[in-house]
>>> print(open('query.cif').read())   # mmCIF, C-alpha atoms
data_input
#
loop_
_atom_site.label_atom_id
_atom_site.label_comp_id
_atom_site.auth_asym_id
_atom_site.auth_seq_id
_atom_site.Cartn_x
_atom_site.Cartn_y
_atom_site.Cartn_z
CA MET A 1 167.62 96.49 55.21
CA SER A 2 164.90 98.43 56.98
CA TYR A 3 164.20 99.00 60.66
CA GLY A 4 160.91 97.10 60.44
CA ALA A 5 162.49 93.96 59.00
CA ALA A 6 165.45 94.17 61.40
CA ARG A 7 163.09 94.50 64.36
CA THR A 8 161.10 91.40 63.37
CA PHE A 9 164.27 89.40 62.71
CA ALA A 10 165.53 90.32 66.16
CA ALA A 11 162.19 89.15 67.56
CA THR A 12 162.62 85.86 65.68
CA PHE A 13 166.00 85.28 67.29
CA LYS A 14 164.58 86.16 70.71
CA TYR A 15 161.84 83.58 70.33
CA LEU A 16 164.55 81.01 69.64
CA GLY A 17 166.33 81.99 72.85
CA ILE A 18 169.01 84.20 71.31
CA ASP A 19 169.31 87.81 72.49
CA ALA A 20 169.17 90.08 69.47
CA GLU A 21 168.70 93.76 68.62
CA PRO A 22 168.52 95.75 65.38
CA VAL A 23 171.70 97.65 64.53
CA PRO A 24 171.63 101.38 65.30
CA ALA A 25 170.16 103.68 62.70
CA GLY A 26 172.57 104.98 60.09
CA ASP A 27 174.02 108.46 60.54
CA GLU A 28 177.18 110.40 59.76
CA LYS A 29 179.05 108.39 62.39
CA THR A 30 178.25 105.28 60.34
CA LEU A 31 180.21 106.50 57.33
CA GLU A 32 182.96 107.96 59.48
CA LEU A 33 183.68 104.61 61.13
CA ALA A 34 183.40 102.71 57.86
CA SER A 35 185.92 105.03 56.21
CA ARG A 36 188.65 103.68 58.52
CA HIS A 37 188.43 100.30 56.81
CA THR A 38 187.33 101.19 53.28
CA SER A 39 188.88 102.91 50.28
CA GLY A 40 185.76 104.80 49.19
CA GLU A 41 185.27 102.66 46.10
CA GLU A 42 182.99 100.18 47.87
CA CYS A 43 179.25 100.43 47.26
CA LEU A 44 177.22 102.38 49.81
CA PRO A 45 175.43 99.38 51.42
CA ALA A 46 178.80 97.80 52.23
CA ARG A 47 179.93 100.93 54.03
CA VAL A 48 176.62 101.45 55.83
CA THR A 49 176.38 97.86 57.12
CA LEU A 50 180.01 97.83 58.23
CA GLY A 51 179.73 101.27 59.84
CA ASN A 52 176.62 100.33 61.79
CA PHE A 53 178.28 97.16 63.05
CA LEU A 54 181.32 99.20 64.07
CA LYS A 55 179.09 101.50 66.11
CA ILE A 56 178.13 98.48 68.19
CA THR A 57 181.79 97.63 68.84
CA GLU A 58 182.21 101.08 70.38
CA GLU A 59 179.41 100.61 72.88
CA PRO A 60 180.50 100.34 76.55
CA GLY A 61 181.08 96.76 77.65
CA PHE A 62 181.17 95.32 74.14
CA ASP A 63 182.60 91.77 74.27
CA PRO A 64 183.42 90.26 70.83
CA SER A 65 183.44 86.74 72.28
CA LYS A 66 179.78 87.13 73.25
CA ALA A 67 178.56 88.88 70.10
CA ALA A 68 177.55 87.88 66.58
CA PHE A 69 176.53 89.95 63.57
CA PHE A 70 173.83 88.74 61.18
CA MET A 71 174.97 89.46 57.62
CA PRO A 72 173.18 87.38 54.93
CA THR A 73 175.00 87.00 51.64
CA SER A 74 174.11 86.25 48.05
CA GLU A 75 175.39 84.69 44.88
CA GLY A 76 175.37 86.45 41.55
CA PRO A 77 176.86 89.68 40.26
CA CYS A 78 176.09 91.79 43.35
CA ARG A 79 179.02 92.56 45.65
CA LEU A 80 176.81 91.52 48.57
CA GLY A 81 178.50 88.13 48.30
CA GLN A 82 181.72 89.76 49.50
CA TYR A 83 180.32 91.72 52.44
CA ALA A 84 180.77 89.02 55.08
CA PRO A 85 184.37 88.09 54.07
CA PHE A 86 185.22 91.80 53.86
CA MET A 87 183.84 92.38 57.36
CA ARG A 88 185.77 89.43 58.76
CA PHE A 89 188.99 91.01 57.50
CA ALA A 90 188.04 94.37 59.01
CA PHE A 91 187.25 92.85 62.42
CA LYS A 92 190.41 90.76 62.31
CA ASP A 93 192.45 93.92 61.77
CA MET A 94 190.80 95.32 64.90
CA GLY A 95 191.80 92.26 66.90
CA TYR A 96 188.30 90.76 66.96
CA ASP A 97 189.28 87.33 65.60
CA ASP A 98 186.59 85.55 67.62
CA LEU A 99 183.71 87.83 66.53
CA MET A 100 181.13 85.67 64.75
CA ILE A 101 179.43 86.73 61.54
CA LEU A 102 176.33 84.62 60.81
CA SER A 103 176.07 84.65 57.05
CA PRO A 104 173.37 82.45 55.44
CA SER A 105 173.34 82.50 51.64
CA SER A 106 170.80 82.78 48.85
CA LYS A 107 172.53 79.71 47.36
CA ASP A 108 170.18 77.48 49.36
CA GLY A 109 167.36 79.98 49.90
CA TYR A 110 168.95 81.14 53.20
CA GLY A 111 168.46 77.73 54.74
CA ASP A 112 171.77 77.34 56.61
CA PHE A 113 170.52 77.47 60.20
CA GLY A 114 171.22 73.93 61.41
CA GLY A 115 168.74 72.62 63.97
CA LEU A 116 166.95 75.99 64.07
CA LEU A 117 166.16 75.86 60.36
CA GLU A 118 162.45 75.00 60.45
CA SER A 119 161.53 77.40 63.25
CA PHE A 120 163.71 80.20 61.92
CA VAL A 121 162.38 79.93 58.36
CA LYS A 122 158.77 79.99 59.55
CA LEU A 123 159.19 82.80 62.07
CA GLY A 124 161.54 84.82 59.88
CA TRP A 125 159.13 84.59 56.96
CA MET A 126 156.19 85.72 59.10
CA GLY A 127 158.33 88.62 60.27
CA ILE A 128 159.21 89.67 56.72
CA VAL A 129 155.60 89.48 55.52
CA GLY A 130 154.36 91.43 58.54
CA SER A 131 157.00 94.14 58.32
CA ASP A 132 156.38 94.51 54.57
CA ALA A 133 152.63 94.87 55.20
CA LEU A 134 153.04 97.48 57.93
CA ARG A 135 155.44 99.49 55.78
CA LYS A 136 152.94 99.35 52.92
CA MET A 137 150.23 100.68 55.26
CA LEU A 138 152.58 103.47 56.35
CA TYR A 139 153.19 104.59 52.78
CA LYS A 140 149.51 104.30 51.89
CA TYR A 141 148.20 106.45 54.76
CA ARG A 142 150.97 108.96 55.46
CA PRO A 143 150.53 111.08 52.30
CA TYR A 144 146.89 111.72 53.29
CA GLU A 145 147.23 112.38 57.05
CA ASN A 146 145.78 115.61 58.43
CA GLU A 147 148.30 115.93 61.25
CA PRO A 148 151.94 115.17 60.40
CA GLY A 149 153.44 112.41 62.51
CA THR A 150 150.23 110.59 63.41
CA VAL A 151 150.69 107.79 60.85
CA ASP A 152 154.35 107.37 61.81
CA GLU A 153 153.26 106.84 65.42
CA VAL A 154 150.63 104.26 64.46
CA TYR A 155 153.24 102.45 62.39
CA ARG A 156 155.72 102.45 65.27
CA LYS A 157 153.18 101.06 67.73
CA SER A 158 151.91 98.48 65.25
CA LEU A 159 155.42 97.26 64.47
CA GLU A 160 156.24 96.97 68.15
CA ASP A 161 153.02 95.07 68.84
CA PHE A 162 153.72 92.66 65.97
CA SER A 163 157.33 92.14 67.10
CA GLU A 164 156.33 91.54 70.72
CA VAL A 165 153.88 88.85 69.61
CA LEU A 166 156.57 87.30 67.42
CA GLU A 167 159.13 87.09 70.23
CA ASP A 168 156.66 86.00 72.92
CA ARG A 169 157.86 82.52 73.96
CA ASP A 170 154.58 81.83 75.75
CA ILE A 171 152.88 81.60 72.36
CA PRO A 172 153.81 78.22 70.84
CA LEU A 173 155.01 78.09 67.26
CA LYS A 174 151.82 76.41 66.01
CA LYS A 175 149.72 79.31 67.37
CA LYS A 176 152.07 82.08 66.27
CA LEU A 177 150.47 82.59 62.85
CA ALA A 178 147.01 83.25 64.32
CA ALA A 179 148.42 85.58 66.97
CA LEU A 180 150.35 87.59 64.37
CA THR A 181 147.28 87.81 62.16
CA PHE A 182 145.36 89.32 65.07
CA SER A 183 148.21 91.80 65.52
CA LEU A 184 147.82 92.95 61.91
CA GLU A 185 144.08 93.29 62.49
CA ARG A 186 144.84 95.61 65.40
CA ALA A 187 147.22 97.53 63.15
CA ARG A 188 144.50 97.89 60.52
CA THR A 189 142.18 99.39 63.13
CA GLY A 190 144.90 101.75 64.30
CA PHE A 191 145.55 103.08 60.81
CA ARG A 192 141.87 103.46 60.00
CA VAL A 193 141.17 105.76 62.94
CA VAL A 194 143.87 108.24 61.88
CA PRO A 195 142.26 111.44 60.50
CA VAL A 196 143.08 111.52 56.78
CA ASP A 197 141.86 113.38 53.72
CA TRP A 198 141.52 110.96 50.82
CA GLU A 199 140.56 113.84 48.53
CA LYS A 200 144.14 115.10 48.43
CA GLU A 201 145.60 114.76 44.96
CA ARG A 202 148.53 112.36 45.06
CA LEU A 203 150.55 110.78 42.28
CA LEU A 204 151.30 107.07 42.73
CA ILE A 205 155.02 106.46 42.20
CA GLY A 206 156.51 102.98 42.01
CA VAL A 207 159.84 102.62 43.81
CA ILE A 208 162.17 99.79 42.80
CA GLY A 209 165.92 99.19 42.64
CA GLU A 210 168.68 97.76 44.81
CA ILE A 211 167.04 96.25 47.87
CA PHE A 212 169.25 97.68 50.63
CA CYS A 213 169.41 101.23 49.34
CA ARG A 214 165.69 101.46 48.60
CA MET A 215 164.84 100.17 52.09
CA SER A 216 167.41 102.15 54.10
CA THR A 217 166.06 105.66 54.68
CA PHE A 218 169.52 106.81 55.75
CA SER A 219 171.14 105.51 52.56
CA ASN A 220 168.55 107.10 50.23
CA GLN A 221 168.27 110.39 52.16
CA ASP A 222 164.68 109.55 53.13
CA LEU A 223 163.64 109.86 49.49
CA ILE A 224 160.09 108.59 50.03
CA ARG A 225 159.32 111.20 52.67
CA LYS A 226 160.61 113.89 50.32
CA LEU A 227 158.53 112.39 47.54
CA GLU A 228 155.43 112.63 49.73
CA GLY A 229 156.22 116.27 50.43
CA LEU A 230 156.02 116.90 46.68
CA GLY A 231 152.60 115.29 46.32
CA GLY A 232 153.56 111.66 45.80
CA GLN A 233 152.46 108.35 47.25
CA ALA A 234 155.11 105.63 47.11
CA TRP A 235 154.56 102.01 46.13
CA LEU A 236 157.79 100.46 47.41
CA SER A 237 158.77 96.94 46.34
CA ASP A 238 158.71 94.53 49.28
CA ILE A 239 161.59 92.57 50.79
CA SER A 240 159.56 89.38 50.35
CA GLU A 241 159.90 89.82 46.59
CA TRP A 242 163.59 88.94 46.93
CA ILE A 243 162.83 85.82 48.97
CA TRP A 244 160.42 84.58 46.30
CA TYR A 245 163.10 85.24 43.70
CA THR A 246 165.77 83.26 45.57
CA ASN A 247 163.31 80.37 45.83
CA GLU A 248 162.89 80.39 42.05
CA GLU A 249 166.65 80.55 41.57
CA GLU A 250 167.15 77.58 43.86
CA GLY A 251 164.58 75.58 41.88
CA ASP A 252 166.20 76.53 38.57
CA LYS A 253 169.59 75.35 39.78
CA LEU A 254 168.20 72.02 40.95
CA SER A 255 166.61 71.52 37.54
CA LEU A 256 169.82 72.54 35.77
CA TYR A 257 171.79 69.88 37.64
CA ASN A 258 169.22 67.16 36.92
CA ARG A 259 167.79 67.27 40.44
CA LYS A 260 164.28 68.22 39.47
CA PHE A 261 163.04 65.04 41.12
CA SER A 262 165.01 65.04 44.35
CA LEU A 263 164.58 65.41 48.08
CA ASP A 264 165.97 68.95 47.85
CA MET A 265 163.31 69.89 45.29
CA ILE A 266 160.57 68.39 47.46
CA THR A 267 161.88 70.38 50.44
CA LEU A 268 161.88 73.56 48.35
CA MET A 269 158.33 72.96 47.13
CA MET A 270 157.15 72.36 50.68
CA LYS A 271 158.84 75.56 51.84
CA LYS A 272 157.18 77.58 49.09
CA TYR A 273 153.82 76.03 49.92
CA VAL A 274 154.14 76.95 53.59
CA GLN A 275 155.32 80.47 52.73
CA HIS A 276 152.34 81.06 50.44
CA LYS A 277 150.00 79.69 53.10
CA TYR A 278 151.42 81.95 55.81
CA GLU A 279 151.46 84.99 53.56
CA LYS A 280 147.82 84.53 52.56
CA LYS A 281 146.74 84.12 56.19
CA LEU A 282 148.71 87.13 57.45
CA LEU A 283 147.59 89.48 54.69
CA ALA A 284 143.91 88.49 54.77
CA PRO A 285 142.95 91.32 57.20
CA LEU A 286 144.58 93.86 54.85
CA GLU A 287 143.18 92.62 51.55
CA GLU A 288 140.77 95.56 51.21
CA GLU A 289 143.49 97.99 52.22
CA PHE A 290 145.74 96.90 49.37
CA ALA A 291 143.12 96.88 46.62
CA GLY A 292 144.84 98.52 43.67
CA LEU A 293 148.24 98.05 45.32
CA GLU A 294 148.44 94.26 45.04
CA GLU A 295 151.86 92.68 44.83
CA PRO A 296 152.32 89.90 42.25
CA HIS A 297 150.88 86.59 43.39
CA ASN A 298 153.94 84.86 41.99
CA VAL A 299 157.42 86.23 41.28
CA ASN A 300 157.13 84.76 37.77
CA GLU A 301 154.62 87.55 37.07
CA ILE A 302 157.62 89.87 37.36
CA LEU A 303 160.11 87.62 35.58
CA LYS A 304 157.87 87.10 32.55
CA ARG A 305 157.57 90.89 32.17
CA SER A 306 161.37 91.24 32.19
CA LEU A 307 161.82 88.51 29.56
CA TYR A 308 162.18 90.87 26.58
CA TYR A 309 164.49 93.30 28.38
CA LEU A 310 166.55 91.31 30.90
CA PRO A 311 165.60 87.62 30.81
CA SER A 312 166.09 85.89 34.13
CA ARG A 313 167.95 82.99 32.51
CA GLY A 314 170.72 85.35 31.50
CA ALA A 315 170.45 88.37 33.79
CA LYS A 316 170.46 87.56 37.48
CA GLY A 317 169.48 89.40 40.63
CA GLU A 318 167.83 92.73 41.12
CA MET A 319 168.35 93.97 37.56
CA THR A 320 165.83 91.51 36.15
CA LEU A 321 163.44 92.12 39.06
CA SER A 322 163.67 95.89 38.52
CA ALA A 323 162.97 95.60 34.80
CA GLY A 324 160.03 93.27 35.30
CA LYS A 325 158.60 95.22 38.23
CA ALA A 326 158.73 98.45 36.21
CA VAL A 327 156.44 96.86 33.62
CA TYR A 328 154.21 95.41 36.35
CA LEU A 329 153.85 98.82 38.00
CA TYR A 330 152.97 100.39 34.64
CA ASP A 331 150.24 97.77 34.25
CA LYS A 332 148.90 98.76 37.69
CA GLY A 333 148.55 102.39 36.62
CA VAL A 334 151.34 104.18 38.49
CA ASP A 335 152.25 107.71 37.42
CA GLY A 336 156.01 107.22 37.38
CA ILE A 337 158.77 104.88 38.47
CA ILE A 338 161.87 105.61 40.55
CA ASP A 339 164.83 103.26 40.84
CA ILE A 340 166.98 103.71 43.96
CA SER A 341 170.48 102.25 43.61
CA PRO A 342 173.94 102.71 45.09
CA PHE A 343 176.41 104.56 42.89
CA THR A 344 178.40 102.11 40.68
CA CYS A 345 175.95 99.26 41.44
CA MET A 346 176.02 96.92 38.44
CA ASN A 347 172.37 95.98 38.92
CA GLY A 348 171.45 99.64 38.73
CA VAL A 349 173.69 100.37 35.74
CA VAL A 350 172.36 97.44 33.72
CA ALA A 351 168.73 98.20 34.60
CA GLU A 352 169.22 101.86 33.71
CA ALA A 353 170.37 100.81 30.24
CA VAL A 354 167.00 99.19 29.46
CA TYR A 355 164.72 101.74 31.17
CA PRO A 356 164.51 104.01 28.09
CA GLU A 357 163.24 101.10 26.00
CA ILE A 358 160.80 100.04 28.73
CA SER A 359 159.52 103.61 28.88
CA ARG A 360 159.08 103.85 25.09
CA ASP A 361 157.23 100.55 25.00
CA HIS A 362 154.88 101.63 27.78
CA ASP A 363 153.40 104.98 26.86
CA ASP A 364 156.62 106.89 27.69
CA ILE A 365 156.03 106.50 31.43
CA PRO A 366 158.72 108.49 33.28
CA ILE A 367 161.40 106.24 34.80
CA ARG A 368 164.27 107.82 36.69
CA ILE A 369 167.17 106.20 38.52
CA PHE A 370 168.59 107.91 41.60
CA TYR A 371 172.11 106.90 42.64
CA PHE A 372 173.41 107.33 46.19
CA ASP A 373 177.00 107.22 47.43
CA GLY A 374 176.74 108.70 50.92
CA SER A 375 177.42 112.29 49.87
CA THR A 376 174.84 115.04 50.28
CA THR A 377 173.00 115.94 47.09
CA ASN A 378 170.20 118.34 46.26
CA LEU A 379 167.71 115.52 45.97
CA GLU A 380 164.65 117.78 46.19
CA ASN A 381 165.41 119.56 42.90
CA ASP A 382 165.75 116.31 40.97
CA LEU A 383 162.57 114.96 42.57
CA GLU A 384 160.66 118.13 41.65
CA ILE A 385 161.63 117.67 37.99
CA PHE A 386 160.61 114.03 38.08
CA MET A 387 157.26 114.83 39.71
CA GLU A 388 156.50 117.37 36.99
CA LEU A 389 157.12 114.66 34.39
CA ALA A 390 154.83 112.35 36.38
CA ARG A 391 152.06 115.00 36.45
CA ASN A 392 152.27 115.42 32.69
CA TYR A 393 152.13 111.67 32.21
CA ASN A 394 149.16 111.41 34.58
CA ARG A 395 147.15 113.75 32.36
CA ARG A 396 147.56 111.56 29.27
CA LYS A 397 148.21 108.03 30.54
CA LYS A 398 146.26 105.10 29.14
CA LYS A 399 146.68 102.70 32.06
CA LEU A 400 144.36 103.96 34.77
CA ARG A 401 144.96 103.33 38.45
CA LEU A 402 142.40 101.57 40.62
CA LYS A 403 142.14 103.95 43.56
CA ASN A 404 141.25 102.61 46.97
CA GLN A 405 140.61 104.63 50.09
CA THR A 406 139.43 102.93 53.25
CA VAL A 407 136.77 104.69 55.26
#
>>> encode(input="query.cif", output="structure tokens")
Amino acid sequence: MSYGAARTFAATFKYLGIDAEPVPAGDEKTLELASRHTSGEECLPARVTLGNFLKITEEPGFDPSKAAFFMPTSEGPCRLGQYAPFMRFAFKDMGYDDLMILSPSSKDGYGDFGGLLESFVKLGWMGIVGSDALRKMLYKYRPYENEPGTVDEVYRKSLEDFSEVLEDRDIPLKKKLAALTFSLERARTGFRVVPVDWEKERLLIGVIGEIFCRMSTFSNQDLIRKLEGLGGQAWLSDISEWIWYTNEEEGDKLSLYNRKFSLDMITLMMKKYVQHKYEKKLLAPLEEEFAGLEEPHNVNEILKRSLYYLPSRGAKGEMTLSAGKAVYLYDKGVDGIIDISPFTCMNGVVAEAVYPEISRDHDDIPIRIFYFDGSTTNLENDLEIFMELARNYNRRKKKLRLKNQTV
């Protein structure tokens, strides 16, 4: 869903002895290849993921019998649950019947990894937390850099350092957490030496929405970089937020089927405990950096804020997370909220229906949804209008932001 997360997941597979690489970056070729197997009515993430996989099949020496594509799936209203079956049909039409698609599901918290389960869950989680943290540092520092490109370079080097530590098989699993924490300490030092001007006036804009489209810079036309060019600083919702949500969903289902006191529930509770422990350890070096930009300590902090608008017991998936996170971001003092969603996405459409009420209930904070379908749009004009609304709100807002600049 983002290069950073894909790079750390590839590193996780490498540590387990499986050669892995992130898919190529999306480009016009991506959509061109996908169009050979799609009708145009599919959502943008389906076309982008398929198109990027198809680019790999065109590489010299590609052997489908020695390749596998990692395509997690999900339950609920999102069409993500149909991506893997759809891709299998597409590859079968191409004669690639033996091409494997590894497709763990949110049904069991993405736990379907056989004998690799424990190691993969631990390493994969550390990779997600680390990539989220580095991306957050990127978006914190880049709007204030004195020389364009310097923060991007620090981010690139920090991500590579973190990924190399993650995939290093000479570091045993029990020592991996400490080694990765040291990597994030090195990243913190790297960001702090970049010449920046914290006196620049920047509006803090929360960015929520459909997880793939908001994370894929190709899919959203690099919206955050454009936002920064207009005087904004983005607070982008993490990937780990979705993992915490799937954990809660798994627990709710166990309770619903009278398995609240079961081995599966104990396993889930242990997994959540370990994930919280690892997250706290990894993020400790960056605690000061994220003062004022803290993510919720528990996903229920988001779900309780969505209760009045899209209660999680009735509305599932990203729509309830988007509604709750919008309220959470308002409470943290942001100057506006942007939702990034694929065109026709049901999660986006449902969330958009409640945004006007959320805005009215919260000091008329500007909330704008941006839909993307792969076609070129004049995004800058729409962003300029939104930023003007955010500036006006900033002058009168009641919820003040806790600013934090690291010297």
>>> resolve_selection(input="query.cif", expression="the PyMOL selection byres ((chain A and resi 212-222) around 9)", output="JSON, numbers by chain")
{"A": [1, 2, 3, 25, 26, 27, 44, 45, 48, 207, 208, 209, 210, 211, 223, 224, 225, 226, 227, 236, 237, 238, 239, 339, 340, 341, 342, 370, 371, 372, 373, 374, 376, 377, 379]}
>>> closest_residue(input="query.cif", among="A:Arg360, A:Gly206, A:Glu388, A:Glu289", to="A:Lys332", atoms="only C-alpha atoms")
A:Gly206
>>> residues_around(input="query.cif", residues="A:Pro148", least_positions_apart="5", cutoff="12 Å", atoms="all atoms listed in the file", output="list in words")
Tyr141, Arg142, Pro143, Glu153, Val154, Val194, Pro195, Val196, Arg225, Glu228 and Gly229 of chain A
>>> atom_distance(input="query.cif", atom1="atom CA of A:Leu282", atom2="atom CA of A:Glu185")
9.2 Å
>>> residues_around(input="query.cif", residues="stretch 36-41 of chain A", least_positions_apart="5", cutoff="9 Å", atoms="all atoms listed in the file", output="ChimeraX atom specification")
/A:31,47,50,90,344
>>> decode(input="query.cif", residues="stretch 320-405 of chain A", atoms="C-alpha atoms", output="PDB file, in the first residue's frame")
ATOM      1  CA  THR A 320     -16.263   3.812  10.599  1.00  0.00           C
ATOM      2  CA  LEU A 321     -12.518   4.390  11.021  1.00  0.00           C
ATOM      3  CA  SER A 322     -12.694   7.482   8.797  1.00  0.00           C
ATOM      4  CA  ALA A 323     -15.627   8.942  10.717  1.00  0.00           C
ATOM      5  CA  GLY A 324     -14.028   8.322  14.093  1.00  0.00           C
ATOM      6  CA  LYS A 325     -10.581   9.499  13.008  1.00  0.00           C
ATOM      7  CA  ALA A 326     -12.055  12.741  11.672  1.00  0.00           C
ATOM      8  CA  VAL A 327     -13.385  13.515  15.152  1.00  0.00           C
ATOM      9  CA  TYR A 328     -10.090  12.442  16.745  1.00  0.00           C
ATOM     10  CA  LEU A 329      -8.116  14.736  14.439  1.00  0.00           C
ATOM     11  CA  TYR A 330     -10.446  17.629  15.267  1.00  0.00           C
ATOM     12  CA  ASP A 331      -9.751  16.993  18.951  1.00  0.00           C
ATOM     13  CA  LYS A 332      -6.004  17.181  18.205  1.00  0.00           C
ATOM     14  CA  GLY A 333      -6.381  20.634  16.663  1.00  0.00           C
ATOM     15  CA  VAL A 334      -5.911  20.037  12.938  1.00  0.00           C
ATOM     16  CA  ASP A 335      -6.897  22.805  10.535  1.00  0.00           C
ATOM     17  CA  GLY A 336      -8.788  20.627   8.080  1.00  0.00           C
ATOM     18  CA  ILE A 337      -9.421  17.033   7.076  1.00  0.00           C
ATOM     19  CA  ILE A 338      -9.019  15.371   3.678  1.00  0.00           C
ATOM     20  CA  ASP A 339     -10.445  11.966   2.807  1.00  0.00           C
ATOM     21  CA  ILE A 340      -8.715  10.161  -0.078  1.00  0.00           C
ATOM     22  CA  SER A 341     -10.858   7.445  -1.657  1.00  0.00           C
ATOM     23  CA  PRO A 342     -11.182   5.605  -4.968  1.00  0.00           C
ATOM     24  CA  PHE A 343     -14.087   6.699  -7.139  1.00  0.00           C
ATOM     25  CA  THR A 344     -17.229   4.591  -6.414  1.00  0.00           C
ATOM     26  CA  CYS A 345     -15.697   3.221  -3.179  1.00  0.00           C
ATOM     27  CA  MET A 346     -18.590   2.403  -0.850  1.00  0.00           C
ATOM     28  CA  ASN A 347     -16.525   3.232   2.228  1.00  0.00           C
ATOM     29  CA  GLY A 348     -15.852   6.673   0.798  1.00  0.00           C
ATOM     30  CA  VAL A 349     -19.447   7.264  -0.288  1.00  0.00           C
ATOM     31  CA  VAL A 350     -20.886   6.300   3.102  1.00  0.00           C
ATOM     32  CA  ALA A 351     -18.294   8.325   5.022  1.00  0.00           C
ATOM     33  CA  GLU A 352     -18.914  11.332   2.783  1.00  0.00           C
ATOM     34  CA  ALA A 353     -22.599  11.205   3.719  1.00  0.00           C
ATOM     35  CA  VAL A 354     -21.826  11.821   7.405  1.00  0.00           C
ATOM     36  CA  TYR A 355     -18.972  14.323   6.999  1.00  0.00           C
ATOM     37  CA  PRO A 356     -21.306  17.358   6.829  1.00  0.00           C
ATOM     38  CA  GLU A 357     -22.822  16.404  10.184  1.00  0.00           C
ATOM     39  CA  ILE A 358     -19.392  15.743  11.695  1.00  0.00           C
ATOM     40  CA  SER A 359     -18.258  19.151  10.468  1.00  0.00           C
ATOM     41  CA  ARG A 360     -21.328  20.933  11.903  1.00  0.00           C
ATOM     42  CA  ASP A 361     -20.867  19.223  15.253  1.00  0.00           C
ATOM     43  CA  HIS A 362     -17.201  20.194  15.407  1.00  0.00           C
ATOM     44  CA  ASP A 363     -16.932  23.915  14.820  1.00  0.00           C
ATOM     45  CA  ASP A 364     -17.548  23.588  11.047  1.00  0.00           C
ATOM     46  CA  ILE A 365     -14.057  22.205  10.469  1.00  0.00           C
ATOM     47  CA  PRO A 366     -13.526  21.835   6.700  1.00  0.00           C
ATOM     48  CA  ILE A 367     -13.731  18.190   5.562  1.00  0.00           C
ATOM     49  CA  ARG A 368     -13.300  17.389   1.887  1.00  0.00           C
ATOM     50  CA  ILE A 369     -13.272  14.035   0.120  1.00  0.00           C
ATOM     51  CA  PHE A 370     -11.088  13.598  -2.965  1.00  0.00           C
ATOM     52  CA  TYR A 371     -11.986  10.726  -5.291  1.00  0.00           C
ATOM     53  CA  PHE A 372      -9.479   9.155  -7.679  1.00  0.00           C
ATOM     54  CA  ASP A 373     -10.137   6.888 -10.658  1.00  0.00           C
ATOM     55  CA  GLY A 374      -6.814   6.929 -12.506  1.00  0.00           C
ATOM     56  CA  SER A 375      -7.669   9.842 -14.785  1.00  0.00           C
ATOM     57  CA  THR A 376      -5.783  13.131 -14.662  1.00  0.00           C
ATOM     58  CA  THR A 377      -7.568  15.890 -12.778  1.00  0.00           C
ATOM     59  CA  ASN A 378      -6.695  19.459 -11.876  1.00  0.00           C
ATOM     60  CA  LEU A 379      -6.051  18.508  -8.281  1.00  0.00           C
ATOM     61  CA  GLU A 380      -4.151  21.698  -7.450  1.00  0.00           C
ATOM     62  CA  ASN A 381      -7.178  23.954  -7.968  1.00  0.00           C
ATOM     63  CA  ASP A 382      -9.370  21.899  -5.651  1.00  0.00           C
ATOM     64  CA  LEU A 383      -6.597  21.766  -3.045  1.00  0.00           C
ATOM     65  CA  GLU A 384      -6.142  25.552  -3.220  1.00  0.00           C
ATOM     66  CA  ILE A 385      -9.840  26.044  -2.447  1.00  0.00           C
ATOM     67  CA  PHE A 386      -9.662  23.590   0.431  1.00  0.00           C
ATOM     68  CA  MET A 387      -6.550  25.250   1.870  1.00  0.00           C
ATOM     69  CA  GLU A 388      -8.279  28.633   1.827  1.00  0.00           C
ATOM     70  CA  LEU A 389     -11.131  27.119   3.847  1.00  0.00           C
ATOM     71  CA  ALA A 390      -8.547  25.648   6.235  1.00  0.00           C
ATOM     72  CA  ARG A 391      -6.874  29.067   6.671  1.00  0.00           C
ATOM     73  CA  ASN A 392     -10.197  30.676   7.517  1.00  0.00           C
ATOM     74  CA  TYR A 393     -10.947  27.918  10.007  1.00  0.00           C
ATOM     75  CA  ASN A 394      -7.486  28.275  11.547  1.00  0.00           C
ATOM     76  CA  ARG A 395      -8.200  31.921  12.376  1.00  0.00           C
ATOM     77  CA  ARG A 396     -11.321  31.097  14.398  1.00  0.00           C
ATOM     78  CA  LYS A 397     -10.905  27.511  15.592  1.00  0.00           C
ATOM     79  CA  LYS A 398     -11.501  26.613  19.224  1.00  0.00           C
ATOM     80  CA  LYS A 399      -9.423  23.435  19.373  1.00  0.00           C
ATOM     81  CA  LEU A 400      -5.810  24.567  19.417  1.00  0.00           C
ATOM     82  CA  ARG A 401      -2.962  22.441  18.132  1.00  0.00           C
ATOM     83  CA  LEU A 402      -0.035  21.477  20.331  1.00  0.00           C
ATOM     84  CA  LYS A 403       2.906  22.428  18.134  1.00  0.00           C
ATOM     85  CA  ASN A 404       6.155  20.544  18.452  1.00  0.00           C
ATOM     86  CA  GLN A 405       9.400  21.331  16.691  1.00  0.00           C
TER      87      GLN A 405
END
